[in-house]
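A.B. asks: Input coords31.cif, format and content: mmCIF, C-alpha atoms.
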data_protein
#
loop_
_atom_site.label_atom_id
_atom_site.label_comp_id
_atom_site.auth_asym_id
_atom_site.auth_seq_id
_atom_site.Cartn_x
_atom_site.Cartn_y
_atom_site.Cartn_z
CA MET A 194 136.03 123.82 94.86
CA THR A 195 134.93 120.89 92.70
CA SER A 196 131.13 120.60 92.54
CA TYR A 197 128.75 117.74 91.72
CA LEU A 198 125.03 117.50 91.02
CA ILE A 199 123.64 114.03 91.76
CA GLY A 200 120.09 112.65 91.88
CA LEU A 201 118.11 109.62 93.04
CA VAL A 202 115.48 108.21 90.67
CA GLY A 203 112.72 105.95 91.98
CA THR A 204 109.34 105.91 93.70
CA GLY A 205 108.55 106.48 97.36
CA ILE A 206 112.05 107.89 97.92
CA GLY A 207 111.14 110.69 100.32
CA PRO A 208 112.61 108.89 103.37
CA SER A 209 115.87 108.01 101.59
CA ALA A 210 119.09 108.44 103.54
CA SER A 211 121.12 108.87 100.35
CA PRO A 212 121.12 112.69 100.23
CA ALA A 213 122.44 112.97 103.78
CA LEU A 214 125.01 110.19 103.31
CA HIS A 215 126.44 111.60 100.09
CA GLU A 216 126.40 115.27 101.06
CA HIS A 217 127.96 114.66 104.48
CA GLU A 218 130.80 112.62 103.01
CA ALA A 219 131.38 115.30 100.36
CA ASP A 220 131.61 117.93 103.12
CA GLU A 221 134.23 115.81 104.87
CA LEU A 222 136.26 115.66 101.64
CA GLY A 223 135.89 119.33 100.79
CA LEU A 224 133.62 118.81 97.78
CA ARG A 225 130.57 120.87 96.82
CA TYR A 226 127.87 118.24 96.35
CA VAL A 227 124.14 118.64 95.80
CA TYR A 228 121.93 115.53 95.91
CA ARG A 229 118.34 115.78 94.67
CA LEU A 230 115.39 113.37 94.82
CA LEU A 231 113.71 112.69 91.47
CA ASP A 232 110.56 110.80 92.48
CA LEU A 233 108.81 109.23 89.50
CA ASP A 234 105.44 109.42 91.28
CA VAL A 235 105.86 113.16 91.90
CA LEU A 236 107.28 113.97 88.45
CA ARG A 237 104.71 111.75 86.70
CA ARG A 238 107.20 110.98 83.96
CA PRO A 239 108.73 107.68 82.83
CA VAL A 240 112.31 106.90 83.74
CA ALA A 241 113.48 107.55 80.17
CA ASP A 242 112.25 111.15 80.35
CA VAL A 243 113.79 111.72 83.78
CA LEU A 244 117.13 110.34 82.63
CA ALA A 245 117.11 112.56 79.53
CA ALA A 246 116.16 115.63 81.57
CA ALA A 247 118.91 114.96 84.13
CA ARG A 248 121.45 114.63 81.35
CA LEU A 249 120.36 117.94 79.79
CA ALA A 250 120.32 119.67 83.19
CA GLY A 251 123.97 118.85 83.75
CA PHE A 252 123.70 116.16 86.41
CA ASP A 253 126.97 114.33 87.02
CA GLY A 254 125.23 111.10 88.00
CA LEU A 255 122.15 109.36 89.30
CA ASN A 256 121.42 106.63 91.78
CA VAL A 257 118.54 104.42 90.65
CA THR A 258 116.22 102.49 92.94
CA HIS A 259 112.88 100.62 92.81
CA PRO A 260 111.23 100.23 90.33
CA ALA A 261 113.72 101.55 87.77
CA LYS A 262 116.87 99.41 88.16
CA GLN A 263 116.02 97.30 85.14
CA ALA A 264 113.74 99.76 83.32
CA VAL A 265 116.65 102.18 82.96
CA LEU A 266 118.81 99.73 80.97
CA PRO A 267 117.57 100.51 77.42
CA HIS A 268 118.25 104.21 77.94
CA LEU A 269 121.95 103.94 78.76
CA ASP A 270 124.91 104.19 76.40
CA GLU A 271 127.13 101.68 78.16
CA LEU A 272 127.13 99.18 81.04
CA SER A 273 129.96 98.19 83.33
CA PRO A 274 130.76 94.46 83.25
CA GLU A 275 129.09 93.99 86.67
CA ALA A 276 125.90 95.80 85.64
CA ALA A 277 125.75 93.83 82.39
CA ALA A 278 126.12 90.55 84.26
CA LEU A 279 123.43 91.50 86.78
CA GLY A 280 121.02 93.02 84.28
CA ALA A 281 120.37 95.85 86.72
CA VAL A 282 121.76 99.33 87.37
CA ASN A 283 121.69 101.39 90.55
CA THR A 284 124.29 104.01 89.54
CA VAL A 285 124.47 106.06 86.35
CA VAL A 286 127.54 108.21 85.66
CA PHE A 287 127.38 110.92 82.99
CA ARG A 288 130.76 111.33 81.28
CA ASN A 289 131.52 113.10 77.99
CA GLY A 290 127.90 113.04 76.93
CA ARG A 291 127.46 109.33 77.68
CA ALA A 292 125.36 107.63 80.36
CA ILE A 293 127.24 104.69 81.86
CA GLY A 294 125.41 102.21 84.11
CA HIS A 295 127.02 100.55 87.12
CA ASN A 296 125.83 98.33 89.94
CA THR A 297 127.12 98.79 93.48
CA ASP A 298 124.32 96.83 95.17
CA ALA A 299 126.07 93.45 94.89
CA THR A 300 129.31 94.56 96.55
CA GLY A 301 127.36 96.64 99.07
CA PHE A 302 125.29 93.64 100.16
CA ALA A 303 128.27 91.27 100.19
CA ARG A 304 130.30 93.60 102.40
CA SER A 305 127.35 94.20 104.71
CA LEU A 306 126.67 90.46 105.15
CA THR A 307 130.34 89.67 105.73
CA ARG A 308 130.54 92.49 108.25
CA GLY A 309 127.25 91.84 110.03
CA LEU A 310 127.01 88.03 109.99
CA PRO A 311 130.60 86.88 109.40
CA ASP A 312 129.95 83.29 110.48
CA ALA A 313 126.62 82.83 108.68
CA ARG A 314 126.08 79.33 107.26
CA MET A 315 125.87 79.52 103.46
CA GLY A 316 124.78 76.04 102.41
CA GLU A 317 121.15 76.64 101.45
CA ILE A 318 119.84 80.18 101.05
CA VAL A 319 116.40 81.44 100.00
CA LEU A 320 116.25 84.74 98.11
CA LEU A 321 112.88 86.48 98.12
CA GLY A 322 112.65 88.92 95.21
CA ALA A 323 113.96 88.59 91.65
CA GLY A 324 113.95 92.21 90.55
CA GLY A 325 116.96 94.49 90.21
CA ALA A 326 117.91 94.32 93.87
CA GLY A 327 117.29 90.58 93.95
CA ALA A 328 119.59 90.04 90.99
CA ALA A 329 122.40 91.90 92.75
CA VAL A 330 121.86 90.03 96.01
CA GLY A 331 121.73 86.67 94.21
CA HIS A 332 125.07 87.28 92.53
CA ALA A 333 126.54 88.45 95.82
CA LEU A 334 125.36 85.36 97.71
CA LEU A 335 126.78 82.94 95.17
CA SER A 336 130.03 84.91 94.99
CA LEU A 337 130.29 84.51 98.77
CA GLY A 338 130.04 80.74 98.43
CA THR A 339 126.38 79.89 98.84
CA GLY A 340 125.96 76.21 97.99
CA ARG A 341 122.48 76.48 96.49
CA LEU A 342 120.19 79.47 96.13
CA THR A 343 116.42 79.15 95.83
CA VAL A 344 114.88 82.22 94.16
CA HIS A 345 111.26 83.07 94.87
CA ASP A 346 109.22 85.94 93.44
CA VAL A 347 105.50 86.57 93.09
CA ASP A 348 106.25 86.58 89.35
CA ALA A 349 107.28 82.96 88.72
CA ALA A 350 108.68 83.76 85.28
CA ARG A 351 110.97 86.39 86.78
CA SER A 352 112.20 83.87 89.37
CA ALA A 353 112.98 81.42 86.59
CA ARG A 354 114.85 84.02 84.53
CA LEU A 355 117.03 85.08 87.45
CA ALA A 356 117.74 81.48 88.47
CA GLU A 357 118.81 80.64 84.92
CA ALA A 358 121.03 83.72 84.72
CA LEU A 359 122.70 82.70 87.99
CA VAL A 360 123.23 79.15 86.73
CA GLN A 361 124.83 80.51 83.57
CA ARG A 362 127.29 82.53 85.63
CA PHE A 363 127.94 80.23 88.59
CA GLY A 364 127.23 76.73 87.33
CA ARG A 365 124.51 74.09 87.20
CA GLY A 366 122.94 73.27 90.55
CA ARG A 367 123.89 76.55 92.21
CA ALA A 368 120.49 78.22 91.75
CA ARG A 369 116.89 77.26 91.11
CA ALA A 370 113.44 78.85 91.14
CA GLY A 371 111.26 77.71 94.02
CA ASP A 372 108.91 78.76 96.77
CA LEU A 373 109.05 79.54 100.46
CA THR A 374 108.71 75.90 101.51
CA ALA A 375 112.48 75.79 100.86
CA LEU A 376 112.88 77.70 104.13
CA GLU A 377 112.29 74.48 106.08
CA HIS A 378 115.82 73.27 105.35
CA ALA A 379 117.50 76.61 104.61
CA ASP A 380 120.36 78.24 106.50
CA GLY A 381 119.42 81.78 105.54
CA LEU A 382 116.78 84.02 104.01
CA VAL A 383 117.44 87.30 102.21
CA HIS A 384 114.53 89.60 101.47
CA ALA A 385 114.98 91.88 98.42
CA THR A 386 111.57 93.43 97.68
CA PRO A 387 110.06 96.78 98.81
CA THR A 388 107.71 95.07 101.27
CA GLY A 389 108.39 96.39 104.75
CA MET A 390 109.22 99.92 103.66
CA ALA A 391 107.13 102.72 105.15
CA ALA A 392 105.20 102.94 101.86
CA HIS A 393 104.80 99.14 101.61
CA PRO A 394 104.15 97.90 105.17
CA GLY A 395 103.90 94.28 106.21
CA SER A 396 105.93 91.10 106.07
CA PRO A 397 106.30 88.97 102.92
CA VAL A 398 106.91 85.75 104.87
CA PRO A 399 104.46 83.95 107.19
CA ALA A 400 106.02 83.86 110.66
CA GLU A 401 105.42 80.12 111.00
CA LEU A 402 107.95 79.46 108.19
CA LEU A 403 110.76 81.05 110.22
CA HIS A 404 112.82 78.86 112.54
CA PRO A 405 115.75 79.44 114.92
CA ARG A 406 118.31 77.75 112.62
CA LEU A 407 117.66 80.46 110.05
CA TRP A 408 119.43 83.81 109.72
CA VAL A 409 117.40 86.55 108.05
CA ALA A 410 118.71 89.58 106.18
CA ASP A 411 116.55 92.40 104.84
CA ILE A 412 117.68 95.01 102.32
CA VAL A 413 115.01 97.46 103.54
CA TYR A 414 116.47 100.06 105.92
CA ARG A 415 113.61 102.50 106.55
CA PRO A 416 112.52 101.26 108.99
CA LEU A 417 115.54 99.30 110.20
CA GLU A 418 113.32 96.92 112.14
CA THR A 419 110.95 95.69 109.45
CA ALA A 420 107.97 93.48 110.22
CA LEU A 421 109.95 90.55 108.78
CA LEU A 422 112.96 91.16 111.02
CA ALA A 423 110.73 91.62 114.07
CA ALA A 424 109.00 88.30 113.35
CA ALA A 425 112.33 86.57 112.71
CA ARG A 426 113.82 87.91 115.94
CA ALA A 427 110.77 86.69 117.86
CA ARG A 428 111.26 83.21 116.35
CA GLY A 429 114.88 83.11 117.51
CA CYS A 430 116.59 83.96 114.21
CA ARG A 431 119.74 86.03 113.87
CA VAL A 432 118.93 89.08 111.77
CA LEU A 433 120.67 91.72 109.68
CA HIS A 434 118.95 94.95 108.67
CA GLY A 435 119.52 96.85 105.44
CA GLY A 436 121.49 99.78 106.85
CA GLY A 437 124.90 98.34 106.09
CA MET A 438 124.02 97.64 102.47
CA VAL A 439 122.68 101.13 101.79
CA VAL A 440 125.79 102.76 103.24
CA LEU A 441 128.33 100.52 101.55
CA GLN A 442 126.69 100.72 98.12
CA ALA A 443 126.49 104.50 98.58
CA ALA A 444 130.22 104.67 99.30
CA GLU A 445 131.03 102.91 96.04
CA SER A 446 128.57 105.08 94.08
CA PHE A 447 130.19 108.18 95.60
CA ARG A 448 133.59 107.00 94.36
CA LEU A 449 132.20 106.44 90.85
CA PHE A 450 130.58 109.87 90.77
CA THR A 451 133.56 111.85 92.06
CA GLY A 452 136.74 109.79 91.67
CA ALA A 453 137.41 110.61 95.34
CA GLU A 454 137.86 107.88 97.94
CA PRO A 455 135.10 107.95 100.57
CA ASP A 456 135.59 106.64 104.10
CA PRO A 457 133.02 103.81 104.51
CA ALA A 458 133.60 103.61 108.27
CA ARG A 459 132.85 107.32 108.61
CA MET A 460 129.73 106.92 106.46
CA LEU A 461 128.58 104.04 108.66
CA ARG A 462 129.05 106.23 111.74
CA HIS A 463 127.06 108.99 110.09
CA PHE A 464 124.26 106.56 109.26
CA ASP A 465 124.38 105.45 112.89
CA ALA A 466 123.87 109.05 113.94
CA LEU A 467 121.02 109.51 111.46
CA GLU A 468 119.21 106.37 112.59
CA GLY A 469 120.03 106.48 116.29
CA GLU A 470 121.48 102.99 116.41
CA ALA A 471 124.54 101.12 115.13
CA VAL A 472 124.60 99.48 111.71
CA ARG A 473 125.18 95.93 112.86
CA ALA A 474 123.61 92.52 113.11
CA ALA A 475 121.57 91.89 116.23
#
Rewrite the coordinates I just gave you, this time as structure tokens.

C.D. replies:
Amino acid sequence: MTSYLIGLVGTGIGPSASPALHEHEADELGLRYVYRLLDLDVLRRPVADVLAAARLAGFDGLNVTHPAKQAVLPHLDELSPEAAALGAVNTVVFRNGRAIGHNTDATGFARSLTRGLPDARMGEIVLLGAGGAGAAVGHALLSLGTGRLTVHDVDAARSARLAEALVQRFGRGRARAGDLTALEHADGLVHATPTGMAAHPGSPVPAELLHPRLWVADIVYRPLETALLAAARARGCRVLHGGGMVVLQAAESFRLFTGAEPDPARMLRHFDALEGEAVRAA
């Protein structure tokens, strides 16, 4: 039986669904698969040390989450074209002594949005968060045909850098740095920061800025009903939780780690069973 040792690197990752998603799919495919959590807060080591230790310990790959998706870049031997374009990595594959960085967040989000809100208006979108996840979501939104994307982050310089990177890839006028006042005329809002997670409770958007013409997507999935989504639902917005993204990016990471073809529909059903409700837009 082929065996794999995989890990997840990040902070506050205790509630992650990734171990269950990966190991269950491996069982279905007849693979021996062990998935370990490598929490930077628990290990008290920088990401460079954790990456080096995982390589020496014989890990086959790592998933990477907040706050290490960009911090991991200098410690890799190679980047896939997608990861290089995004400037962020969520999947590291160890092959022949080399650490190769990939990004499955962009395709995971795009597939989740298309699946959950297939008729969403894409003229004006506001993206909240310009970190590693935000970069992936921004590229996904513009690839899906967003007319103009306004990027907002508490770090204004980071917003500007991401907006400029998006303009370089997608063309002048497609992206800009801005603030949440852009929500007044927006069709959609995508939230891509840790706010709303169990370890980072609260909503990053004042409820009065939400309006019924707006759809709201959150990449947070634990809990599925974040404070932001609850407020948006109460204001009459259509909402999409982060469950679909986490499953669909996991399916692509699984394929990169093993070379085997996972069944995304089966993984979505398993997530449904784990969470007690369907992965869908409300």

A.B. asks: Nearest to Thr300 in chain A among A:Pro405, A:Gly205, A:Pro387, A:Gly331, with distances taken over all atoms listed in the file: which residue is it?

C.D. replies: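 Closest to Thr300 in chain A of all the choices is A:Gly331.
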
A.B. asks: Using all atoms listed in the file, pick whichever of A:Ile206, A:Val257, A:Leu310, A:Ala292 has the shortest atom-to-atom distance to Val235 in chain A.

C.D. replies: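 Smallest distance to Val235 in chain A is found for A:Ile206.
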
A.B. asks: For the interface of range 346-416 of chain A with range 258-279 of chain A (cut-off 9 Å, counting only C-alpha atoms), please tabulate each contacting residue of range 346-416 of chain A alongside its nearest pair of atoms and their separation in Å to one decimal, rows sorted by chain and increasing number, as a tab-separated table.

C.D. replies:
residue	atom	partner	partner_atom	distance
A:Ala358	CA	A:Leu279	CA	8.4
A:Leu359	CA	A:Leu279	CA	8.9
A:Arg362	CA	A:Ala278	CA	8.2
A:Thr386	CA	A:His259	CA	8.8
A:Pro387	CA	A:His259	CA	7.7

A.B. asks: Taking all atoms listed in the file into account, which of A:Pro239, A:Gly325, A:Gly340, A:Gly381 comes nearest Ala368 in chain A?

C.D. replies: A:Gly340

A.B. asks: Starting from the shown file, work through the PyMOL selection byres ((chain A and resi 415-428) around 9) and note down what comes out as an NGL selection string.

C.D. replies: :A and (208-210 or 384 or 388-391 or 394-401 or 403-405 or 407-411 or 413-414 or 429-436 or 468 or 475)

A.B. asks: Of the residues A:His295, A:Arg248, A:His332, A:Arg308, which is the one nearest to Val282 in chain A, using all atoms listed in the file?

C.D. replies: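 Counting all atoms listed in the file, the residue closest to Val282 in chain A is A:His295.
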
A.B. asks: When the PyMOL selection byres ((chain A and resi 212) around 12) is applied to the file above, which residues end up in the set, as an MDAnalysis selection string?

C.D. replies: chainID A and resid 198:202 206:211 213:219 226:231 255:256 439:440 443 447 464 467

A.B. asks: Kindly give the distance, in Å, that separates CA of Leu461 in chain A and CA of Glu221 in chain A, rounded to a single decimal.

C.D. replies: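 Distance reported for this atom pair: 13.6 Å.
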
A.B. asks: Evaluating the PyMOL selection byres ((chain A and resi 298) around 10) on the displayed file yields which residues, as a PyMOL selection string?

C.D. replies: chain A and resi 276+279+281-284+295-297+299-304+325-330+332-333+412+438-439+441-443+445-446

A.B. asks: Which of these residues is nearest to Arg225 in chain A, using only C-alpha atoms: A:Thr195, A:Thr451, A:Ala458, A:Asp312?

C.D. replies: A:Thr195

A.B. asks: Please identify all polymer residues within 12 Å of Gly364 in chain A, counting all atoms listed in the file, omitting same-chain residues fewer than 6 positions from it, and present them as a PyMOL selection string.

C.D. replies: chain A and resi 332+335-336+339-342+356-358

A.B. asks: Expressed in Å to a single decimal, how great is the separation between CA of His393 in chain A and CA of Ala247 in chain A?

C.D. replies: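 CA of Ala247 in chain A lies at a distance of 27.5 Å from CA of His393 in chain A.
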
A.B. asks: If I take CA of Met315 in chain A and CA of Asp380 in chain A, how far is one from the other in Å, to one decimal?

C.D. replies: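 These atoms are spaced 6.4 Å apart.
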
A.B. asks: Since the input lacks atoms, please generate N, CA, C and O atoms for range 379-395 of chain A and provide them as a PDB file, in the frame of the given file.

C.D. replies:
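This went into part-v4.pdb:
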ATOM      1  N   ALA A 379     116.540  75.577 104.992  1.00  0.00           N
ATOM      2  CA  ALA A 379     117.500  76.610 104.610  1.00  0.00           C
ATOM      3  C   ALA A 379     118.327  77.087 105.802  1.00  0.00           C
ATOM      4  O   ALA A 379     117.915  76.989 106.964  1.00  0.00           O
ATOM      5  N   ASP A 380     119.509  77.598 105.491  1.00  0.00           N
ATOM      6  CA  ASP A 380     120.360  78.240 106.500  1.00  0.00           C
ATOM      7  C   ASP A 380     120.049  79.721 106.623  1.00  0.00           C
ATOM      8  O   ASP A 380     120.221  80.312 107.701  1.00  0.00           O
ATOM      9  N   GLY A 381     119.641  80.344 105.520  1.00  0.00           N
ATOM     10  CA  GLY A 381     119.420  81.780 105.540  1.00  0.00           C
ATOM     11  C   GLY A 381     118.336  82.213 104.579  1.00  0.00           C
ATOM     12  O   GLY A 381     117.988  81.501 103.629  1.00  0.00           O
ATOM     13  N   LEU A 382     117.789  83.387 104.849  1.00  0.00           N
ATOM     14  CA  LEU A 382     116.780  84.020 104.010  1.00  0.00           C
ATOM     15  C   LEU A 382     117.199  85.469 103.788  1.00  0.00           C
ATOM     16  O   LEU A 382     117.537  86.179 104.741  1.00  0.00           O
ATOM     17  N   VAL A 383     117.196  85.901 102.532  1.00  0.00           N
ATOM     18  CA  VAL A 383     117.440  87.300 102.210  1.00  0.00           C
ATOM     19  C   VAL A 383     116.221  87.859 101.512  1.00  0.00           C
ATOM     20  O   VAL A 383     115.758  87.295 100.513  1.00  0.00           O
ATOM     21  N   HIS A 384     115.720  88.967 102.038  1.00  0.00           N
ATOM     22  CA  HIS A 384     114.530  89.600 101.470  1.00  0.00           C
ATOM     23  C   HIS A 384     114.955  90.798 100.646  1.00  0.00           C
ATOM     24  O   HIS A 384     115.606  91.724 101.146  1.00  0.00           O
ATOM     25  N   ALA A 385     114.566  90.818  99.348  1.00  0.00           N
ATOM     26  CA  ALA A 385     114.980  91.880  98.420  1.00  0.00           C
ATOM     27  C   ALA A 385     113.797  92.399  97.619  1.00  0.00           C
ATOM     28  O   ALA A 385     113.841  92.482  96.390  1.00  0.00           O
ATOM     29  N   THR A 386     112.702  92.759  98.326  1.00  0.00           N
ATOM     30  CA  THR A 386     111.570  93.430  97.680  1.00  0.00           C
ATOM     31  C   THR A 386     111.264  94.683  98.513  1.00  0.00           C
ATOM     32  O   THR A 386     111.791  94.852  99.613  1.00  0.00           O
ATOM     33  N   PRO A 387     110.385  95.569  98.025  1.00  0.00           N
ATOM     34  CA  PRO A 387     110.060  96.780  98.810  1.00  0.00           C
ATOM     35  C   PRO A 387     109.168  96.528 100.014  1.00  0.00           C
ATOM     36  O   PRO A 387     108.977  97.434 100.827  1.00  0.00           O
ATOM     37  N   THR A 388     108.604  95.334 100.145  1.00  0.00           N
ATOM     38  CA  THR A 388     107.710  95.070 101.270  1.00  0.00           C
ATOM     39  C   THR A 388     108.438  95.305 102.596  1.00  0.00           C
ATOM     40  O   THR A 388     109.551  94.825 102.791  1.00  0.00           O
ATOM     41  N   GLY A 389     107.785  96.046 103.474  1.00  0.00           N
ATOM     42  CA  GLY A 389     108.390  96.390 104.750  1.00  0.00           C
ATOM     43  C   GLY A 389     108.804  97.840 104.834  1.00  0.00           C
ATOM     44  O   GLY A 389     109.007  98.376 105.925  1.00  0.00           O
ATOM     45  N   MET A 390     108.953  98.496 103.660  1.00  0.00           N
ATOM     46  CA  MET A 390     109.220  99.920 103.660  1.00  0.00           C
ATOM     47  C   MET A 390     108.008 100.660 104.205  1.00  0.00           C
ATOM     48  O   MET A 390     106.894 100.129 104.252  1.00  0.00           O
ATOM     49  N   ALA A 391     108.224 101.923 104.604  1.00  0.00           N
ATOM     50  CA  ALA A 391     107.130 102.720 105.150  1.00  0.00           C
ATOM     51  C   ALA A 391     105.953 102.781 104.169  1.00  0.00           C
ATOM     52  O   ALA A 391     104.790 102.744 104.579  1.00  0.00           O
ATOM     53  N   ALA A 392     106.263 102.859 102.862  1.00  0.00           N
ATOM     54  CA  ALA A 392     105.200 102.940 101.860  1.00  0.00           C
ATOM     55  C   ALA A 392     104.620 101.585 101.496  1.00  0.00           C
ATOM     56  O   ALA A 392     103.600 101.521 100.805  1.00  0.00           O
ATOM     57  N   HIS A 393     105.252 100.508 101.939  1.00  0.00           N
ATOM     58  CA  HIS A 393     104.800  99.140 101.610  1.00  0.00           C
ATOM     59  C   HIS A 393     104.853  98.290 102.873  1.00  0.00           C
ATOM     60  O   HIS A 393     105.646  97.352 102.964  1.00  0.00           O
ATOM     61  N   PRO A 394     104.034  98.595 103.884  1.00  0.00           N
ATOM     62  CA  PRO A 394     104.150  97.900 105.170  1.00  0.00           C
ATOM     63  C   PRO A 394     103.766  96.435 105.098  1.00  0.00           C
ATOM     64  O   PRO A 394     103.082  95.999 104.185  1.00  0.00           O
ATOM     65  N   GLY A 395     104.244  95.690 106.100  1.00  0.00           N
ATOM     66  CA  GLY A 395     103.900  94.280 106.210  1.00  0.00           C
ATOM     67  C   GLY A 395     105.107  93.392 106.069  1.00  0.00           C
ATOM     68  O   GLY A 395     106.230  93.848 105.839  1.00  0.00           O
TER      69      GLY A 395
END
